[in-house]
Structures are given as C-alpha cells and as structure tokens.
$ cat structure-v1.cif   # mmCIF, C-alpha atoms
data_model
loop_
_atom_site.label_atom_id
_atom_site.label_comp_id
_atom_site.auth_asym_id
_atom_site.auth_seq_id
_atom_site.Cartn_x
_atom_site.Cartn_y
_atom_site.Cartn_z
CA MET A 1 0.00 0.00 0.00
CA PRO A 2 1.49 3.39 -0.91
CA ARG A 3 2.75 5.64 1.87
CA THR A 4 -0.01 8.22 2.14
CA SER A 5 -1.24 10.30 5.02
CA VAL A 6 -3.61 8.35 7.25
CA LYS A 7 -7.09 9.75 6.59
CA TRP A 8 -10.68 8.55 6.71
CA LEU A 9 -13.52 7.66 4.38
CA PRO A 10 -16.07 9.60 2.38
CA ALA A 11 -19.14 7.36 2.38
CA ILE A 12 -19.56 7.59 -1.39
CA VAL A 13 -16.88 4.91 -1.76
CA VAL A 14 -19.39 2.35 -0.50
CA PRO A 15 -21.73 2.65 -3.52
CA ALA A 16 -18.61 2.89 -5.65
CA VAL A 17 -17.50 -0.49 -4.32
CA ILE A 18 -20.95 -1.88 -5.01
CA ALA A 19 -20.92 -0.54 -8.55
CA VAL A 20 -17.69 -2.27 -9.49
CA GLY A 21 -18.41 -5.55 -7.74
CA VAL A 22 -15.59 -6.17 -5.27
CA ILE A 23 -13.95 -9.50 -4.49
CA ALA A 24 -14.63 -10.60 -0.93
CA VAL A 25 -14.12 -13.40 1.62
CA PRO A 26 -16.38 -14.82 4.32
CA LEU A 27 -15.32 -14.69 7.96
CA GLN A 28 -13.09 -17.55 9.03
CA ALA A 29 -13.49 -19.32 12.33
CA GLY A 30 -10.44 -20.37 14.28
CA ALA A 31 -8.66 -20.55 17.62
CA ALA A 32 -8.58 -17.45 19.82
CA ILE A 33 -5.71 -15.10 19.00
CA ASP A 34 -4.10 -12.76 21.54
CA LEU A 35 -1.77 -10.23 19.91
CA PRO A 36 0.10 -7.49 21.77
CA ASP A 37 -2.31 -4.65 22.44
CA LYS A 38 -2.30 -1.74 20.01
CA THR A 39 -4.39 1.40 19.81
CA ALA A 40 -6.42 2.29 16.73
CA GLU A 41 -3.88 5.00 15.93
CA GLN A 42 -1.02 2.49 16.09
CA ILE A 43 -2.82 0.11 13.73
CA LEU A 44 -3.55 2.96 11.32
CA LEU A 45 0.15 3.80 11.34
CA MET A 46 0.96 0.15 10.58
CA VAL A 47 -1.21 0.36 7.48
CA ASN A 48 0.32 3.68 6.49
CA ASP A 49 3.88 2.40 6.98
CA SER A 50 3.40 -0.97 5.30
CA THR A 51 6.18 -1.71 2.81
CA VAL A 52 4.53 -4.72 1.15
CA THR A 53 4.39 -4.13 -2.60
CA ALA A 54 4.63 -7.65 -4.07
CA PHE A 55 2.34 -10.58 -3.31
CA SER A 56 0.02 -13.21 -4.74
CA GLY A 57 -2.92 -15.03 -3.28
CA ALA A 58 -6.39 -16.50 -3.52
CA LEU A 59 -9.57 -14.53 -2.86
CA GLU A 60 -13.23 -15.40 -2.41
CA GLN A 61 -16.34 -13.27 -2.66
CA SER A 62 -19.57 -13.38 -0.74
CA SER A 63 -22.25 -10.70 -0.84
CA ASP A 64 -25.64 -10.35 0.76
CA ILE A 65 -27.31 -7.02 0.00
CA GLY A 66 -30.86 -8.19 -0.60
CA LEU A 67 -31.02 -7.85 -4.37
CA PRO A 68 -34.31 -9.18 -5.75
CA ASP A 69 -34.28 -12.41 -7.72
CA VAL A 70 -33.96 -11.62 -11.42
CA ASP A 71 -33.61 -13.47 -14.70
CA LEU A 72 -30.09 -12.51 -15.74
CA GLY A 73 -30.70 -14.05 -19.14
CA ALA A 74 -33.34 -11.41 -19.84
CA GLY A 75 -30.69 -8.74 -19.78
CA MET A 76 -28.71 -10.57 -22.44
CA SER A 77 -31.52 -10.71 -24.98
CA GLY A 78 -32.56 -8.16 -27.56
CA SER A 79 -30.45 -5.80 -29.61
CA LEU A 80 -29.02 -3.56 -26.90
CA PRO A 81 -25.35 -2.73 -27.34
CA GLU A 82 -23.18 -4.35 -24.67
CA ALA A 83 -21.73 -1.05 -23.49
CA ALA A 84 -25.15 0.54 -23.32
CA GLY A 85 -26.59 -1.55 -20.55
CA ALA A 86 -27.34 -5.23 -21.01
CA GLY A 87 -23.90 -6.78 -20.69
CA ALA A 88 -22.63 -4.21 -18.21
CA VAL A 89 -25.65 -4.57 -15.94
CA THR A 90 -25.57 -8.36 -16.08
CA SER A 91 -21.85 -8.45 -15.33
CA ALA A 92 -22.27 -6.17 -12.32
CA LEU A 93 -25.16 -8.24 -10.96
CA GLU A 94 -23.12 -11.41 -11.18
CA PHE A 95 -20.52 -9.85 -8.91
CA LEU A 96 -23.16 -8.64 -6.47
CA THR A 97 -24.83 -12.02 -6.01
CA GLY A 98 -23.53 -15.38 -4.82
CA SER A 99 -19.83 -16.00 -4.37
CA HIS A 100 -16.78 -15.93 -6.61
CA GLU A 101 -13.18 -17.10 -6.45
CA ALA A 102 -10.17 -15.25 -7.78
CA ARG A 103 -6.40 -15.09 -7.78
CA VAL A 104 -4.32 -11.95 -7.73
CA TYR A 105 -0.65 -11.35 -8.61
CA VAL A 106 1.20 -8.06 -7.94
CA ASP A 107 4.94 -7.67 -8.59
CA GLY A 108 5.48 -4.39 -6.75
CA ALA A 109 6.54 -2.52 -9.87
CA ASP A 110 4.01 -2.03 -12.64
CA ARG A 111 2.52 -5.46 -13.19
CA THR A 112 -0.78 -6.82 -11.88
CA ARG A 113 -2.97 -9.77 -12.78
CA VAL A 114 -6.40 -10.67 -11.42
CA GLN A 115 -8.16 -13.87 -12.47
CA ILE A 116 -11.83 -14.38 -11.56
CA LEU A 117 -12.61 -18.07 -11.66
CA ASP A 118 -16.30 -18.91 -11.86
CA LYS A 119 -17.72 -22.34 -12.68
CA MET A 120 -18.27 -21.68 -16.37
CA ASP A 121 -16.19 -18.57 -16.94
CA GLU A 122 -12.78 -17.01 -16.37
CA ARG A 123 -12.20 -13.27 -16.50
CA ASP A 124 -8.74 -11.78 -16.48
CA LEU A 125 -7.28 -8.33 -16.01
CA ILE A 126 -3.56 -8.10 -16.83
CA VAL A 127 -1.42 -4.97 -16.61
CA ASN A 128 2.24 -5.67 -17.42
CA GLY A 129 3.76 -2.22 -17.77
CA THR A 130 3.45 -1.92 -21.54
CA ASP A 131 -0.02 -3.37 -22.12
CA ALA A 132 -3.33 -3.74 -20.32
CA TRP A 133 -5.62 -6.65 -21.22
CA THR A 134 -9.04 -7.91 -20.20
CA TYR A 135 -10.32 -11.34 -21.21
CA ASP A 136 -13.66 -13.13 -20.82
CA SER A 137 -13.53 -16.84 -21.60
CA GLN A 138 -17.32 -17.14 -21.93
CA THR A 139 -17.50 -14.70 -24.82
CA ASN A 140 -13.88 -15.20 -25.95
CA GLU A 141 -13.52 -11.41 -26.05
CA VAL A 142 -10.35 -9.48 -25.35
CA SER A 143 -9.77 -5.75 -24.88
CA HIS A 144 -6.28 -4.30 -25.22
CA LEU A 145 -4.76 -0.96 -24.28
CA ALA A 146 -1.17 -0.23 -25.27
CA ILE A 147 0.25 1.92 -22.47
CA PRO A 148 2.42 4.70 -23.93
CA ALA A 149 5.72 5.54 -22.23
CA GLU A 150 4.49 8.94 -21.05
CA LEU A 151 1.71 7.29 -19.05
CA LYS A 152 4.27 5.31 -17.06
CA SER A 153 5.80 8.40 -15.49
CA SER A 154 3.64 8.20 -12.39
CA TRP A 155 1.46 5.70 -10.54
CA LYS A 156 -1.61 7.89 -10.95
CA ASP A 157 -1.33 7.96 -14.72
CA LYS A 158 -0.92 4.19 -14.91
CA ALA A 159 -3.90 3.72 -12.63
CA ALA A 160 -5.97 6.00 -14.82
CA ALA A 161 -4.97 3.99 -17.89
CA ARG A 162 -6.09 0.77 -16.22
CA GLU A 163 -9.39 2.21 -15.06
CA ALA A 164 -10.12 3.56 -18.52
CA GLN A 165 -10.30 0.06 -19.95
CA ALA A 166 -11.15 -2.23 -17.02
CA PRO A 167 -14.92 -2.83 -17.02
CA THR A 168 -15.20 -4.50 -13.62
CA GLY A 169 -12.91 -2.37 -11.47
CA LEU A 170 -11.28 -5.38 -9.84
CA ALA A 171 -9.64 -4.70 -6.50
CA THR A 172 -7.52 -6.17 -3.72
CA PRO A 173 -8.23 -5.75 0.01
CA ALA A 174 -5.42 -3.19 0.30
CA GLN A 175 -6.87 -1.08 -2.53
CA ILE A 176 -10.35 -1.11 -1.01
CA ALA A 177 -8.93 -0.38 2.45
CA GLU A 178 -7.05 2.59 1.03
CA HIS A 179 -10.36 4.02 -0.19
CA PHE A 180 -11.82 3.63 3.28
CA LEU A 181 -8.76 5.24 4.87
CA THR A 182 -8.82 8.28 2.63
CA GLU A 183 -10.05 10.97 4.97
CA ILE A 184 -10.54 11.01 8.75
CA ASN A 185 -13.32 13.30 9.91
CA PRO A 186 -15.60 13.74 12.93
CA THR A 187 -18.37 11.64 11.36
CA THR A 188 -16.45 8.42 12.05
CA ALA A 189 -15.56 6.55 15.24
CA VAL A 190 -12.45 4.34 14.89
CA SER A 191 -11.88 1.53 17.38
CA VAL A 192 -10.02 -1.77 17.73
CA GLY A 193 -11.91 -5.03 17.21
CA ASN A 194 -10.94 -8.63 17.95
CA ASP A 195 -7.62 -10.22 17.09
CA GLY A 196 -7.95 -13.02 14.57
CA THR A 197 -6.53 -14.79 11.53
CA VAL A 198 -7.00 -14.28 7.79
CA ALA A 199 -5.35 -16.59 5.26
CA GLY A 200 -3.36 -18.20 8.06
CA ARG A 201 -1.88 -14.88 9.24
CA THR A 202 -2.66 -13.10 12.50
CA VAL A 203 -4.51 -9.79 12.17
CA TYR A 204 -5.66 -6.78 14.12
CA GLU A 205 -9.10 -5.37 13.39
CA LEU A 206 -9.91 -1.71 12.83
CA VAL A 207 -13.62 -1.04 13.26
CA LEU A 208 -15.02 2.11 11.63
CA ASN A 209 -18.50 3.24 12.71
CA PRO A 210 -20.48 6.16 11.29
CA ASN A 211 -21.42 8.86 13.80
CA THR A 212 -24.64 9.48 11.89
CA SER A 213 -27.94 7.67 11.59
CA ASP A 214 -28.53 8.94 8.05
CA THR A 215 -26.65 6.06 6.40
CA LEU A 216 -27.25 2.40 5.59
CA VAL A 217 -23.72 1.46 6.69
CA GLU A 218 -23.43 -0.07 10.16
CA SER A 219 -19.65 -0.46 10.15
CA VAL A 220 -16.54 -1.20 8.13
CA THR A 221 -14.00 -3.62 9.56
CA ILE A 222 -10.45 -3.84 8.19
CA ALA A 223 -8.31 -6.84 9.15
CA VAL A 224 -4.65 -5.72 9.22
CA ASP A 225 -1.74 -8.16 9.04
CA SER A 226 0.01 -8.00 12.42
CA GLU A 227 3.46 -8.40 10.87
CA THR A 228 3.37 -6.29 7.71
CA GLY A 229 0.46 -3.87 8.15
CA LEU A 230 -1.08 -5.07 4.88
CA PRO A 231 -4.90 -5.03 4.89
CA LEU A 232 -6.05 -8.62 4.32
CA ARG A 233 -9.82 -8.33 4.60
CA VAL A 234 -12.48 -5.61 4.45
CA THR A 235 -16.00 -6.25 5.73
CA VAL A 236 -18.92 -3.87 5.24
CA ALA A 237 -21.96 -4.37 7.50
CA ALA A 238 -25.40 -2.91 6.79
CA VAL A 239 -27.74 -1.45 9.39
CA GLY A 240 -30.17 -4.05 10.72
CA GLN A 241 -28.51 -7.01 8.96
CA LYS A 242 -26.58 -9.72 10.79
CA ALA A 243 -24.80 -11.21 7.79
CA PRO A 244 -22.05 -9.04 6.28
CA ALA A 245 -23.25 -7.14 3.23
CA PHE A 246 -19.79 -7.34 1.62
CA GLN A 247 -16.59 -9.06 2.62
CA LEU A 248 -13.30 -8.75 0.83
CA GLY A 249 -10.14 -10.65 1.65
CA PHE A 250 -7.55 -13.34 1.12
CA THR A 251 -7.91 -17.06 1.74
CA SER A 252 -4.23 -17.66 0.97
CA LEU A 253 -1.31 -15.26 0.65
CA ASP A 254 2.29 -15.44 -0.58
CA LEU A 255 4.45 -12.35 0.02
CA SER A 256 7.15 -13.29 -2.49
CA VAL A 257 7.41 -11.65 -5.94
CA PRO A 258 5.29 -13.59 -8.49
CA SER A 259 7.01 -15.15 -11.48
CA ALA A 260 7.31 -12.77 -14.45
CA ASP A 261 5.43 -15.16 -16.74
CA ARG A 262 2.28 -14.62 -14.66
CA PHE A 263 1.92 -11.28 -16.43
CA ASP A 264 2.32 -12.57 -19.99
CA PHE A 265 -0.83 -12.71 -22.09
CA THR A 266 -1.56 -13.80 -25.64
CA PRO A 267 -5.15 -13.63 -26.94
CA PRO A 268 -6.58 -17.15 -27.40
CA ALA A 269 -7.18 -18.44 -30.91
CA GLY A 270 -10.37 -17.06 -32.40
CA ALA A 271 -10.79 -14.38 -29.75
CA THR A 272 -12.33 -11.05 -30.72
CA VAL A 273 -9.80 -8.35 -29.81
CA THR A 274 -10.90 -4.74 -29.30
CA GLU A 275 -8.26 -2.02 -29.20
CA VAL A 276 -9.00 0.61 -26.56
CA PRO A 277 -8.05 4.20 -27.45
CA VAL A 278 -5.16 5.61 -25.42
CA PRO A 279 -6.15 8.61 -23.30
CA THR A 280 -4.51 11.77 -24.64
CA ALA A 281 -2.82 14.37 -22.46
CA ALA A 282 -5.91 16.54 -22.92
CA ASP A 283 -8.12 13.65 -21.79
CA MET A 284 -6.02 13.20 -18.64
CA GLU A 285 -6.20 16.89 -17.79
CA LYS A 286 -9.95 16.88 -18.35
CA MET A 287 -10.36 13.88 -16.03
CA LYS A 288 -8.42 15.68 -13.29
CA SER A 289 -10.36 18.94 -13.71
CA GLU A 290 -13.72 17.14 -13.71
CA ALA A 291 -13.02 14.90 -10.72
CA PRO A 292 -16.00 14.63 -8.34
CA GLN A 293 -16.02 17.19 -5.54
CA SER A 294 -17.58 16.85 -2.10
CA ASP A 295 -19.50 20.05 -1.41
CA ALA A 296 -22.18 21.00 1.04
CA ALA A 297 -24.58 21.80 -1.79
CA PRO A 298 -24.99 19.96 -5.11
CA VAL A 299 -23.90 21.57 -8.35
CA GLU A 300 -25.18 20.97 -11.85
CA PRO A 301 -23.33 18.06 -13.49
CA THR A 302 -21.28 19.28 -16.46
CA SER A 303 -19.44 16.09 -17.48
CA ASP A 304 -19.65 12.33 -17.63
CA LEU A 305 -18.39 12.13 -14.04
CA PRO A 306 -20.84 12.14 -11.10
CA VAL A 307 -21.19 15.16 -8.85
CA ILE A 308 -21.11 14.48 -5.13
CA ALA A 309 -23.40 16.43 -2.81
CA GLY A 310 -22.42 16.50 0.84
CA SER A 311 -19.56 14.59 2.39
CA GLY A 312 -18.94 11.59 4.59
CA TRP A 313 -21.21 8.63 5.05
CA ASP A 314 -24.38 10.35 3.83
CA ALA A 315 -22.94 11.78 0.61
CA VAL A 316 -25.04 11.45 -2.57
CA ALA A 317 -23.68 11.07 -6.10
CA GLU A 318 -25.67 12.53 -9.00
CA ILE A 319 -25.15 11.25 -12.55
CA ALA A 320 -26.37 13.59 -15.27
CA ALA A 321 -29.07 12.33 -17.61
CA SER A 322 -26.74 12.95 -20.54
CA SER A 323 -24.28 10.44 -19.07
CA VAL A 324 -26.87 7.64 -18.69
CA PRO A 325 -27.25 5.45 -21.82
CA ALA A 326 -30.68 5.95 -23.33
CA GLU A 327 -30.90 2.20 -24.01
CA LEU A 328 -30.74 1.47 -20.28
CA SER A 329 -34.44 2.19 -19.81
CA ALA A 330 -35.28 -0.52 -22.38
CA ASN A 331 -33.27 -3.19 -20.56
CA PRO A 332 -35.65 -5.89 -19.22
CA LEU A 333 -33.52 -6.15 -16.08
CA LEU A 334 -34.48 -2.63 -15.08
CA ALA A 335 -38.11 -3.54 -14.52
CA GLN A 336 -37.13 -6.60 -12.50
CA LEU A 337 -34.62 -4.82 -10.30
CA THR A 338 -36.48 -1.60 -9.58
CA THR A 339 -39.80 -0.55 -8.16
CA GLU A 340 -41.91 2.47 -9.03
CA VAL A 341 -41.66 5.27 -6.49
CA THR A 342 -42.55 8.96 -6.39
CA GLY A 343 -40.56 10.74 -9.07
CA GLY A 344 -39.12 7.66 -10.78
CA ARG A 345 -37.92 4.15 -10.01
CA ALA A 346 -35.68 2.82 -7.25
CA LEU A 347 -33.26 -0.04 -6.69
CA SER A 348 -33.01 -0.64 -2.96
CA THR A 349 -30.52 -2.90 -1.20
CA SER A 350 -29.34 -3.19 2.38
CA LEU A 351 -26.24 -1.11 1.67
CA VAL A 352 -27.06 1.29 -1.15
CA ASN A 353 -30.03 2.92 -2.82
CA VAL A 354 -30.24 3.98 -6.46
CA PHE A 355 -32.92 6.43 -7.60
CA LEU A 356 -33.64 6.81 -11.32
CA ALA A 357 -35.54 10.06 -11.73
CA THR A 358 -38.11 10.40 -14.49
CA ASP A 359 -35.98 13.14 -16.10
CA GLY A 360 -33.15 10.64 -16.63
CA ARG A 361 -30.86 11.61 -13.77
CA VAL A 362 -29.51 8.90 -11.46
CA PHE A 363 -28.77 9.37 -7.75
CA VAL A 364 -26.72 6.90 -5.69
CA GLY A 365 -25.85 6.77 -2.01
CA SER A 366 -25.60 4.65 1.11
CA VAL A 367 -28.55 6.61 2.43
CA PRO A 368 -32.33 6.19 2.71
CA LEU A 369 -34.26 6.53 -0.53
CA GLU A 370 -35.96 9.69 0.75
CA ARG A 371 -32.60 11.47 0.81
CA LEU A 372 -32.02 10.64 -2.86
CA GLN A 373 -35.49 11.88 -3.75
CA ALA A 374 -34.79 15.09 -1.85
CA ALA A 375 -31.52 15.54 -3.75
CA ALA A 376 -33.51 15.20 -6.97
CA ALA A 377 -36.01 17.78 -5.67
CA VAL A 378 -38.88 15.29 -5.93
CA GLN A 379 -42.03 16.66 -4.32
#
$ encode --input "structure-v1.cif" --output "structure tokens"
Amino acid sequence: MPRTSVKWLPAIVVPAVIAVGVIAVPLQAGAAIDLPDKTAEQILLMVNDSTVTAFSGALEQSSDIGLPDVDLGAGMSGSLPEAAGAGAVTSALEFLTGSHEARVYVDGADRTRVQILDKMDERDLIVNGTDAWTYDSQTNEVSHLAIPAELKSSWKDKAAAREAQAPTGLATPAQIAEHFLTEINPTTAVSVGNDGTVAGRTVYELVLNPNTSDTLVESVTIAVDSETGLPLRVTVAAVGQKAPAFQLGFTSLDLSVPSADRFDFTPPAGATVTEVPVPTAADMEKMKSEAPQSDAAPVEPTSDLPVIAGSGWDAVAEIAASSVPAELSANPLLAQLTTEVTGGRALSTSLVNVFLATDGRVFVGSVPLERLQAAAAVQ
C-alpha cells in the first residue's frame, strides 16, 4: 500500500465499491488469538507504513445485499449494445450475487494480474507495464490498451490507464482499504476489534463506525496483518442485517514476488480483440479537472463524471441524464430490479439505494431513498 497520510472515508466509496463488484471473503473461524495490544492510531500507522508491494494469493467473494431475484438471461436478450446496458448490468449483478473465487498477482513494480474463476467462466485483467488486457472466456472477447511511455511516469497515470479500460474495477483488500482510509473526519468513530486470523496470518481489526444515523452502513472492519500492516480483509456491514453485506479478503497469501510469466498474455485463438483508445494528455487533464467534488450543496453536473453532494457517510452522487445510456431504460432487467416510487424508479438494497428520476438523472448513495429523492427535488 502506498505511503499516504492516514485519513478517513467519504461514504460515497461504498456505492462505488458496489458498482464495481468487489472481491470478498467470508469470515473464518479459528482458535482465539491474543496479539500485543495496540491502539487504533497504532494500527492505522501500521497500514500507512506498510512496505509490502509484491504478493500473490487467492480470494473469495460473498455478498448479501438483498437484491431481488432476477432473470439474468433477460438482460442478455434483444439488440441492446453491450456497453449501453445489457452486458454491463448483467456483469455487475453477477458480482453482487452469490460467491466468486479469484487469484491476484502483484509484482510491486508495474505489473498486476487478477483472475476471476467462476464455474463456467474465467475473467482476467492483466497490466504488465506496456499493455493492459481484459479477457472473458465465456464470450472469448479481449480488450487491449497499449500503455504509452508517457503514461508510465507516475502511478496515478498508470492507474488511470487501467481504469479507462477495465470494465469490472477489480480490487484487492489493500486497494479497497485505502479508499476507506482516505479521509478522517468527525463523522467516524475508529476503534479496535478482535484479534484473529486471515489466510493463516494473525490480524488486528480496525472497526469504523459512522457517527450518523442517516446512512445504511453499520460499520466497516479492516483486518490488518500484524506483521506487515497489509490489509487482508475488508467487511462492510449494513444497518439491521446480521450477515455481512460485503466481505473482501484473502484465503491464501504469498508475500514473495510472483514469477514474471504470470503477467504474460496472448489472446486465445479465435478471440475477438478490441483495441481501446489511449487517453490523450488533454483527456487526462480533463479527467483531473472534472473529478468529483464533495461540497455542502450539489452543483449541476457538467461532465460524464458524477457530482457528489455532501460529504462523509451520507454523501449522494448525482449522474447527469446525458451520461446515462438511453438504451438502459429498455433493458428488461431494469423492470425486474427496480420498483416504481414517487418521481421515478428505485433499486433498494441493504447497503445502497439507487434512484432513477423520471428526467433521466440517477442518484446513488448509502442513504435512505428519501434522501435521494430530496436531492432530486422530488415533491
């Protein structure tokens, strides 16, 4: 995890995690562990000072956010373009239901590989310093982004290049934990939980509780390796729900540098390869200038990026109607997933609400539906 100042979380990262479909792990039972006592501040400093940059390991996902039962096949039918809704929605739902297994490889320099291994499908994301690839074995489709030398000058530019072409936003526990440890503010209480084990390694637990009742998040728990300070598991609990809504972590972990051949990739025979345009310098500057801002009052969206109203756990993200694919409303999944409410339709889960206003705008937050409707000025 990079050495950054120890800060705390804007709540909007929770719906962001939901949107990308994180990889998670169920809690593991085991013998009682008694580590030397540490304060929350000391554990935060362990995370901040962690020097682990290379590792590989196995991950599992479990999620329980109360999504309604839907026919995923319905979203795959018809003539909707994949990027316009059907394929993207179906892919996201698959990550938000059931469980999934994956393996991750990180070399500590500029190479990363994540393999999601489902029963009938394998999905890969490979970034090897010069190229970024995604692969779906079910469709035999490959996307490729050639990373120009100028984009390798800083970690932020490389990350932006990956995000520009990675449709599922795959993550490791450390990356998700870094989001949660972005900004400390008075709306959060940080405490120490129980000592335990994750992937055979002893861990401390940081427990993060909102100091507000206007959120669906009960708590976020980060399991921190007692030896290295590397976050090994992140658990998000929803208000009023016993089972974790999301859990993210390792089931096995190797802290040695993965073999270089793990990051090699050649498109399989017969695969459809799509070349992804390289972001220009102007594109990069525009992305920086249009980055979401957390303000007390909402502002009119002027780009494809969401605008964030408020800050902390009860923040609300607004997506402009012009940024929502018109074909989305014709997707059969929409009717199955949402219910009609005043001013539009809503997708409600235990951890996040999504409000689709009749004027085409979309509002997302880990807050009650009424707050989203208020942000949309629904009477």
$ closest_residue --input "structure-v1.cif" --among "A:Ala357, A:Val239, A:Leu35, A:Val142" --to "A:Pro268" --atoms "all atoms listed in the file"
A:Val142
$ closest_residue --input "structure-v1.cif" --among "A:Gly129, A:Ala243, A:Thr202, A:Leu208" --to "A:Val224" --atoms "only C-alpha atoms"
A:Thr202
$ resolve_selection --input "structure-v1.cif" --expression "the PyMOL selection byres ((chain A and resi 198) around 8)" --output "PyMOL selection string"
chain A and resi 28+196-197+199-203+223+232-233+249-251
$ write_last_selection --input "structure-v1.cif" --atoms "C-alpha atoms" --output "mmCIF file, in the coordinates of the input"
data_model
loop_
_atom_site.group_PDB
_atom_site.id
_atom_site.type_symbol
_atom_site.label_atom_id
_atom_site.label_comp_id
_atom_site.auth_asym_id
_atom_site.auth_seq_id
_atom_site.Cartn_x
_atom_site.Cartn_y
_atom_site.Cartn_z
ATOM 1 C CA GLN A 28 -13.090 -17.550 9.030
ATOM 2 C CA GLY A 196 -7.950 -13.020 14.570
ATOM 3 C CA THR A 197 -6.530 -14.790 11.530
ATOM 4 C CA ALA A 199 -5.350 -16.590 5.260
ATOM 5 C CA GLY A 200 -3.360 -18.200 8.060
ATOM 6 C CA ARG A 201 -1.880 -14.880 9.240
ATOM 7 C CA THR A 202 -2.660 -13.100 12.500
ATOM 8 C CA VAL A 203 -4.510 -9.790 12.170
ATOM 9 C CA ALA A 223 -8.310 -6.840 9.150
ATOM 10 C CA LEU A 232 -6.050 -8.620 4.320
ATOM 11 C CA ARG A 233 -9.820 -8.330 4.600
ATOM 12 C CA GLY A 249 -10.140 -10.650 1.650
ATOM 13 C CA PHE A 250 -7.550 -13.340 1.120
ATOM 14 C CA THR A 251 -7.910 -17.060 1.740
#
$ closest_residue --input "structure-v1.cif" --among "A:Thr212, A:Thr221, A:Ser322, A:Ser252" --to "A:Asn194" --atoms "all atoms listed in the file"
A:Thr221
$ resolve_selection --input "structure-v1.cif" --expression "the PyMOL selection byres ((chain A and resi 275) around 12)" --output "list of chain:residue names"
A:Asp131, A:Ala132, A:Trp133, A:Thr134, A:Glu141, A:Val142, A:Ser143, A:His144, A:Leu145, A:Ala146, A:Ile147, A:Gln165, A:Thr272, A:Val273, A:Thr274, A:Val276, A:Pro277, A:Val278
$ atom_distance --input "structure-v1.cif" --atom1 "atom CA of A:Ala177" --atom2 "atom CA of A:Ile222"
6.9 Å
$ closest_residue --input "structure-v1.cif" --among "A:Leu44, A:Val362, A:Lys242, A:Ser348" --to "A:Val324" --atoms "only C-alpha atoms"
A:Val362
$ closest_residue --input "structure-v1.cif" --among "A:Thr342, A:Thr349, A:Asn209, A:Thr130" --to "A:Val378" --atoms "all atoms listed in the file"
A:Thr342
$ decode --input "structure-v1.cif" --residues "stretch 106-112 of chain A" --atoms "all heavy atoms" --output "compact mmCIF listing (two decimals), in the first residue's frame"
# COMPACT_ATOMS: atom_id res chain seq x y z
N VAL A 106 0.68 -9.43 -7.89
CA VAL A 106 1.20 -8.06 -7.94
C VAL A 106 2.71 -8.13 -7.74
O VAL A 106 3.18 -8.73 -6.76
CB VAL A 106 0.57 -7.19 -6.84
CG1 VAL A 106 1.14 -5.77 -6.88
CG2 VAL A 106 -0.95 -7.15 -6.98
N ASP A 107 3.48 -7.53 -8.68
CA ASP A 107 4.94 -7.67 -8.59
C ASP A 107 5.63 -6.50 -7.89
O ASP A 107 6.85 -6.51 -7.73
CB ASP A 107 5.54 -7.86 -9.98
CG ASP A 107 5.64 -6.58 -10.78
OD1 ASP A 107 4.93 -5.60 -10.43
OD2 ASP A 107 6.40 -6.54 -11.77
N GLY A 108 4.87 -5.49 -7.46
CA GLY A 108 5.48 -4.39 -6.75
C GLY A 108 6.05 -3.32 -7.63
O GLY A 108 6.52 -2.28 -7.14
N ALA A 109 6.02 -3.52 -8.94
CA ALA A 109 6.54 -2.52 -9.87
C ALA A 109 5.36 -1.96 -10.66
O ALA A 109 4.67 -1.06 -10.22
CB ALA A 109 7.59 -3.13 -10.79
N ASP A 110 5.12 -2.52 -11.83
CA ASP A 110 4.01 -2.03 -12.64
C ASP A 110 3.20 -3.15 -13.26
O ASP A 110 2.54 -2.96 -14.27
CB ASP A 110 4.53 -1.09 -13.73
CG ASP A 110 5.59 -1.75 -14.61
OD1 ASP A 110 5.85 -2.96 -14.42
OD2 ASP A 110 6.15 -1.05 -15.47
N ARG A 111 3.23 -4.33 -12.61
CA ARG A 111 2.52 -5.46 -13.19
C ARG A 111 1.51 -6.04 -12.19
O ARG A 111 1.84 -6.28 -11.03
CB ARG A 111 3.51 -6.54 -13.65
CG ARG A 111 4.39 -6.08 -14.80
CD ARG A 111 5.34 -7.16 -15.28
NE ARG A 111 6.37 -7.46 -14.28
CZ ARG A 111 7.40 -8.26 -14.50
NH1 ARG A 111 7.53 -8.86 -15.69
NH2 ARG A 111 8.30 -8.47 -13.57
N THR A 112 0.31 -6.28 -12.70
CA THR A 112 -0.78 -6.82 -11.88
C THR A 112 -1.59 -7.78 -12.72
O THR A 112 -1.80 -7.56 -13.92
CB THR A 112 -1.71 -5.69 -11.39
OG1 THR A 112 -0.96 -4.76 -10.62
CG2 THR A 112 -2.86 -6.25 -10.56
